[in-house]
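**Q** Got a file for you: entry-v3.pdb, PDB, C-alpha atoms.
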```pdb
ATOM      1  CA  MET O  23     -14.948 -12.240  -6.758
ATOM      2  CA  ILE O  24     -16.354 -13.298  -3.416
ATOM      3  CA  ALA O  25     -15.665 -11.884   0.033
ATOM      4  CA  LEU O  26     -16.879 -13.104   3.390
ATOM      5  CA  ILE O  27     -16.497 -10.068   5.626
ATOM      6  CA  GLN O  28     -16.586  -9.820   9.399
ATOM      7  CA  ARG O  29     -16.616  -6.702  11.530
ATOM      8  CA  VAL O  30     -13.924  -7.343  14.116
ATOM      9  CA  GLN O  31     -12.505  -5.873  17.288
ATOM     10  CA  ARG O  32      -9.186  -7.454  16.270
ATOM     11  CA  ALA O  33      -7.884 -10.128  13.908
ATOM     12  CA  ALA O  34      -4.557 -11.733  13.053
ATOM     13  CA  VAL O  35      -3.080 -14.273  10.656
ATOM     14  CA  GLU O  36      -0.206 -16.594  11.530
ATOM     15  CA  VAL O  37       1.895 -18.717   9.196
ATOM     16  CA  GLU O  38       4.222 -21.285  10.779
ATOM     17  CA  GLY O  39       3.826 -19.624  14.181
ATOM     18  CA  ALA O  40       4.665 -16.091  13.018
ATOM     19  CA  VAL O  41       2.106 -13.290  12.720
ATOM     20  CA  VAL O  42       2.087 -12.112   9.101
ATOM     21  CA  GLY O  43      -0.820  -9.679   9.366
ATOM     22  CA  SER O  44      -2.986  -8.152  12.069
ATOM     23  CA  ILE O  45      -5.447  -5.333  12.674
ATOM     24  CA  GLY O  46      -7.367  -3.820  15.554
ATOM     25  CA  VAL O  47     -10.930  -2.606  15.011
ATOM     26  CA  GLY O  48     -11.926  -3.049  11.394
ATOM     27  CA  LEU O  49     -12.868  -5.540   8.747
ATOM     28  CA  LEU O  50     -11.578  -9.055   8.115
ATOM     29  CA  ALA O  51     -12.245 -10.101   4.528
ATOM     30  CA  PHE O  52     -11.774 -13.655   3.297
ATOM     31  CA  VAL O  53     -11.496 -13.321  -0.492
ATOM     32  CA  ALA O  54     -11.951 -15.861  -3.289
ATOM     33  CA  VAL O  55     -11.131 -15.150  -6.916
ATOM     34  CA  GLU O  56     -13.358 -16.682  -9.589
ATOM     35  CA  PRO O  57     -12.232 -17.589 -13.137
ATOM     36  CA  GLN O  58     -13.827 -14.563 -14.834
ATOM     37  CA  ASP O  59     -12.417 -12.004 -12.381
ATOM     38  CA  ALA O  60     -10.252  -9.127 -13.598
ATOM     39  CA  GLU O  61      -9.519  -5.476 -12.825
ATOM     40  CA  ALA O  62     -13.199  -4.461 -12.810
ATOM     41  CA  GLN O  63     -14.051  -7.008 -10.110
ATOM     42  CA  CYS O  64     -11.079  -5.907  -7.984
ATOM     43  CA  LEU O  65     -12.142  -2.270  -8.189
ATOM     44  CA  ARG O  66     -15.777  -3.006  -7.382
ATOM     45  CA  MET O  67     -14.916  -5.336  -4.493
ATOM     46  CA  LEU O  68     -12.616  -2.735  -2.984
ATOM     47  CA  GLU O  69     -15.333  -0.104  -3.327
ATOM     48  CA  ARG O  70     -17.690  -2.391  -1.420
ATOM     49  CA  LEU O  71     -15.131  -3.340   1.248
ATOM     50  CA  LEU O  72     -14.305   0.280   2.001
ATOM     51  CA  GLY O  73     -17.831   1.630   1.619
ATOM     52  CA  TYR O  74     -20.121  -1.075   3.033
ATOM     53  CA  ARG O  75     -21.931   0.495   5.983
ATOM     54  CA  ILE O  76     -21.645  -2.042   8.809
ATOM     55  CA  PHE O  77     -20.152   0.039  11.625
ATOM     56  CA  PRO O  78     -22.389   1.725  14.197
ATOM     57  CA  ASP O  79     -23.149   5.428  14.213
ATOM     58  CA  ALA O  80     -24.004   7.501  17.314
ATOM     59  CA  ASP O  81     -27.464   5.863  17.406
ATOM     60  CA  ASP O  82     -25.938   2.347  17.200
ATOM     61  CA  ARG O  83     -27.261   1.845  13.657
ATOM     62  CA  MET O  84     -25.099   0.336  10.910
ATOM     63  CA  ASN O  85     -24.514   3.576   9.025
ATOM     64  CA  ARG O  86     -20.722   3.948   8.903
ATOM     65  CA  SER O  87     -18.221   2.347   6.558
ATOM     66  CA  LEU O  88     -14.660   1.174   7.097
ATOM     67  CA  SER O  89     -13.494   4.402   5.452
ATOM     68  CA  ASP O  90     -15.671   6.417   7.839
ATOM     69  CA  VAL O  91     -14.277   4.771  10.982
ATOM     70  CA  GLY O  92     -10.679   4.500   9.738
ATOM     71  CA  GLY O  93     -10.404   0.880  10.852
ATOM     72  CA  GLY O  94      -8.009  -1.748   9.605
ATOM     73  CA  LEU O  95      -8.606  -4.041   6.637
ATOM     74  CA  LEU O  96      -7.226  -7.579   6.841
ATOM     75  CA  LEU O  97      -7.391  -9.365   3.477
ATOM     76  CA  VAL O  98      -7.016 -13.156   3.503
ATOM     77  CA  SER O  99      -7.137 -15.272   0.351
ATOM     78  CA  GLN O 100      -9.530 -18.209   0.675
ATOM     79  CA  PHE O 101     -10.287 -20.099  -2.537
ATOM     80  CA  THR O 102     -12.654 -22.454  -0.692
ATOM     81  CA  LEU O 103     -15.333 -19.715  -0.721
ATOM     82  CA  ALA O 104     -15.712 -20.367  -4.450
ATOM     83  CA  ALA O 105     -16.412 -24.081  -3.940
ATOM     84  CA  ASP O 106     -19.385 -25.737  -5.577
ATOM     85  CA  THR O 107     -21.163 -27.528  -2.713
ATOM     86  CA  ARG O 108     -24.497 -28.228  -4.387
ATOM     87  CA  LYS O 109     -24.146 -31.995  -4.566
ATOM     88  CA  GLY O 110     -22.250 -34.839  -3.009
ATOM     89  CA  MET O 111     -20.174 -34.847   0.139
ATOM     90  CA  ARG O 112     -16.991 -33.340  -1.264
ATOM     91  CA  PRO O 113     -16.631 -29.768  -2.542
ATOM     92  CA  SER O 114     -15.607 -29.089  -6.122
ATOM     93  CA  PHE O 115     -13.248 -26.220  -6.828
ATOM     94  CA  THR O 116     -13.838 -25.906 -10.582
ATOM     95  CA  SER O 117     -15.630 -22.614  -9.853
ATOM     96  CA  ALA O 118     -12.469 -21.106  -8.295
ATOM     97  CA  ALA O 119      -9.745 -19.367 -10.292
ATOM     98  CA  THR O 120      -6.485 -21.190 -10.937
ATOM     99  CA  PRO O 121      -3.792 -20.542  -8.301
ATOM    100  CA  GLU O 122      -1.937 -18.293 -10.769
ATOM    101  CA  ALA O 123      -5.021 -16.177 -11.537
ATOM    102  CA  GLY O 124      -6.032 -16.183  -7.886
ATOM    103  CA  ASP O 125      -2.633 -14.864  -6.829
ATOM    104  CA  LYS O 126      -2.629 -12.242  -9.593
ATOM    105  CA  TRP O 127      -6.054 -10.782  -8.804
ATOM    106  CA  PHE O 128      -5.830 -11.124  -5.022
ATOM    107  CA  SER O 129      -2.474  -9.301  -5.159
ATOM    108  CA  ARG O 130      -4.050  -6.606  -7.316
ATOM    109  CA  LEU O 131      -6.865  -6.173  -4.784
ATOM    110  CA  VAL O 132      -4.266  -5.759  -2.030
ATOM    111  CA  GLU O 133      -2.324  -3.216  -4.107
ATOM    112  CA  LEU O 134      -5.463  -1.174  -4.799
ATOM    113  CA  ALA O 135      -6.473  -1.337  -1.132
ATOM    114  CA  ARG O 136      -3.073  -0.080   0.016
ATOM    115  CA  ASP O 137      -3.360   2.837  -2.412
ATOM    116  CA  ARG O 138      -6.752   3.859  -1.000
ATOM    117  CA  HIS O 139      -6.812   2.922   2.693
ATOM    118  CA  PRO O 140      -4.303   3.696   5.451
ATOM    119  CA  VAL O 141      -4.308   0.355   7.319
ATOM    120  CA  VAL O 142      -4.192  -2.809   5.189
ATOM    121  CA  ALA O 143      -2.765  -6.144   6.302
ATOM    122  CA  THR O 144      -2.820  -9.545   4.606
ATOM    123  CA  GLY O 145      -2.352 -13.202   5.102
ATOM    124  CA  GLN O 146       0.044 -15.131   2.852
ATOM    125  CA  PHE O 147      -1.356 -16.371  -0.440
ATOM    126  CA  GLY O 148      -1.320 -20.160  -0.737
ATOM    127  CA  ALA O 149      -0.034 -20.751   2.795
ATOM    128  CA  ASN O 150      -1.617 -22.785   5.564
ATOM    129  CA  MET O 151      -2.829 -19.896   7.731
ATOM    130  CA  GLN O 152      -4.233 -19.766  11.230
ATOM    131  CA  VAL O 153      -6.693 -16.894  11.555
ATOM    132  CA  SER O 154      -7.801 -15.566  14.919
ATOM    133  CA  LEU O 155     -10.462 -12.940  15.356
ATOM    134  CA  VAL O 156     -12.942 -11.367  17.699
ATOM    135  CA  ASN O 157     -16.086 -10.837  15.643
ATOM    136  CA  ASP O 158     -17.879  -7.677  16.754
ATOM    137  CA  GLY O 159     -21.630  -8.191  16.915
ATOM    138  CA  PRO O 160     -21.334 -10.800  15.460
ATOM    139  CA  VAL O 161     -21.529  -9.068  12.101
ATOM    140  CA  THR O 162     -20.768 -11.186   9.022
ATOM    141  CA  PHE O 163     -21.759 -10.617   5.376
ATOM    142  CA  TRP O 164     -21.224 -12.387   2.049
ATOM    143  CA  LEU O 165     -20.336 -10.067  -0.840
ATOM    144  CA  GLN O 166     -20.106 -11.200  -4.437
ATOM    145  CA  VAL O 167     -19.080  -9.105  -7.427
ATOM    146  CA  PRO O 168     -20.095 -10.710 -10.714
TER     147      PRO O 168
END
```
When written as structure tokens, how does the structure in this file appear?
**A**
Amino acid sequence: MIALIQRVQRAAVEVEGAVVGSIGVGLLAFVAVEPQDAEAQCLRMLERLLGYRIFPDADDRMNRSLSDVGGGLLLVSQFTLAADTRKGMRPSFTSAATPEAGDKWFSRLVELARDRHPVVATGQFGANMQVSLVNDGPVTFWLQVP
């Protein structure tokens, strides 16, 4: 499982002109499911999303996690993060999970997140989404759970 995370002041996802998910201060996570992913990867990714220390403390050092600051978590499925871009001029998506597996494990990640964190929003799996955000910092990290 792969996540591209951004610390944000706010973020929102629209589908066909309607906002389907939004947060204020928090973490926007674009998530890709890989073929071998299962429950263990969902649990570990959630642990990292909630516990990764990228928010500033009183000394303006990245020492606080999303759980510490109580910010929102916006989860957006994005299979293109799993693309193989090593050769040629067109990405290959053989390293991404099938749409059925992607939906299953992304939905499970969302379910687990909602059980453990007070503010969780999502995009819409498989939809053409427009994502707007104000990146805070900018702070962006790539997380991968094998």
**Q** What do you get, as a list in words, if you spell out every residue that the PyMOL selection byres ((chain O and resi 104) around 9) selects here?
**A**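 For this structure, the PyMOL selection byres ((chain O and resi 104) around 9) captures Met23, Ile24, Ala54, Val55, Glu56, Gln100, Phe101, Thr102, Leu103, Ala105, Asp106, Ser114, Phe115, Thr116, Ser117, Ala118 and Ala119 of chain O.
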**Q** Just to confirm, what's the straight-line distance from CA of Ala143 in chain O to CA of Thr120 in chain O in Å (one decimal)?
**A**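 So the two atoms, CA of Ala143 in chain O and CA of Thr120 in chain O, lie 23.2 Å apart.
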**Q** When you look at range 82-87 of chain O with a cut-off of 10 Å (counting all atoms listed in the file), what residues show up, excluding the ones that are within fewer than 3 positions of it in the same chain? I need them as a JSON list (two decimals) with C-alpha atoms, keeping the file's coordinate frame.
**A**
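Everything below was put into around-v8.json:
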```json
[["chain", "number", "residue", "atom", "x", "y", "z"],
["O", 48, "GLY", "CA", -11.93, -3.05, 11.39],
["O", 49, "LEU", "CA", -12.87, -5.54, 8.75],
["O", 70, "ARG", "CA", -17.69, -2.39, -1.42],
["O", 71, "LEU", "CA", -15.13, -3.34, 1.25],
["O", 72, "LEU", "CA", -14.30, 0.28, 2.00],
["O", 73, "GLY", "CA", -17.83, 1.63, 1.62],
["O", 74, "TYR", "CA", -20.12, -1.08, 3.03],
["O", 75, "ARG", "CA", -21.93, 0.50, 5.98],
["O", 76, "ILE", "CA", -21.64, -2.04, 8.81],
["O", 77, "PHE", "CA", -20.15, 0.04, 11.62],
["O", 78, "PRO", "CA", -22.39, 1.72, 14.20],
["O", 79, "ASP", "CA", -23.15, 5.43, 14.21],
["O", 90, "ASP", "CA", -15.67, 6.42, 7.84],
["O", 91, "VAL", "CA", -14.28, 4.77, 10.98],
["O", 92, "GLY", "CA", -10.68, 4.50, 9.74],
["O", 93, "GLY", "CA", -10.40, 0.88, 10.85]]
```
**Q** Need the neighbours of (-1.0, -5.7, 16.1): which residues are at most 12 Å away, counting all atoms listed in the file, as a PyMOL selection string?
**A** chain O and resi 31-36+41-47+94+96+141-143+155
**Q** Taking all atoms of range 62-67 of chain O that the file lists and extending 3 Å past them on each side, where is the centre of the axis-aligned box and how long are its edges? Answer in Å to one decimal, as JSON.
**A**
```
{"center_x": -13.4, "center_y": -4.6, "center_z": -8.7, "size_x": 10.7, "size_y": 10.7, "size_z": 14.3}
```
**Q** Applied to this file, what does the PyMOL selection byres ((chain O and resi 166) around 9) return in terms of residues, put as JSON, numbers by chain?
**A** {"O": [23, 24, 25, 26, 67, 164, 165, 167, 168]}
**Q** Could those residues be written to a file, using C-alpha atoms, as a PDB file, keeping the file's coordinate frame?
**A**
```
ATOM      1  CA  MET O  23     -14.948 -12.240  -6.758  1.00  0.00           C
ATOM      2  CA  ILE O  24     -16.354 -13.298  -3.416  1.00  0.00           C
ATOM      3  CA  ALA O  25     -15.665 -11.884   0.033  1.00  0.00           C
ATOM      4  CA  LEU O  26     -16.879 -13.104   3.390  1.00  0.00           C
ATOM      5  CA  MET O  67     -14.916  -5.336  -4.493  1.00  0.00           C
ATOM      6  CA  TRP O 164     -21.224 -12.387   2.049  1.00  0.00           C
ATOM      7  CA  LEU O 165     -20.336 -10.067  -0.840  1.00  0.00           C
ATOM      8  CA  VAL O 167     -19.080  -9.105  -7.427  1.00  0.00           C
ATOM      9  CA  PRO O 168     -20.095 -10.710 -10.714  1.00  0.00           C
TER      10      PRO O 168
END
```
**Q** For CA of Gln63 in chain O and CA of Arg130 in chain O, determine how far apart the two atoms are, in Å to one decimal place.
**A**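 Between CA of Gln63 in chain O and CA of Arg130 in chain O the gap works out to 10.4 Å.
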**Q** What separation in Å, quoted to one decimal, exists between CA of Gly159 in chain O and CA of Val132 in chain O?
**A**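 One can read the CA of Gly159 in chain O to CA of Val132 in chain O distance as 25.8 Å.
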**Q** Tell me which of O:Asp59, O:Glu69, O:Asp158, O:Asp81 sits closest to Trp127 in chain O, counting only C-alpha atoms.
**A**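 With only C-alpha atoms as the atom set, the closest residue is O:Asp59.
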**Q** Between O:Gly124, O:Gly39, O:Gly110, O:Gly148, which is the closest to Cys64 in chain O once you count only C-alpha atoms?
**A** O:Gly124
**Q** Here is a test: counting only C-alpha atoms, which residue of O:Leu88, O:Leu95, O:Val37, O:Ala60 is nearest to Asp125 in chain O?
**A** O:Ala60
**Q** Can you work out which one of O:Ala123, O:Leu97, O:Leu131, O:Met111 has the shortest atom-to-atom distance to Pro57 in chain O, counting all atoms listed in the file?
**A**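 Once distances to Pro57 in chain O are computed over all atoms listed in the file, the minimum belongs to O:Ala123.
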**Q** So, counting only C-alpha atoms, which residue among O:Val156, O:Val161, O:Met151, O:Leu65 is closest to Asp137 in chain O?
**A** O:Leu65
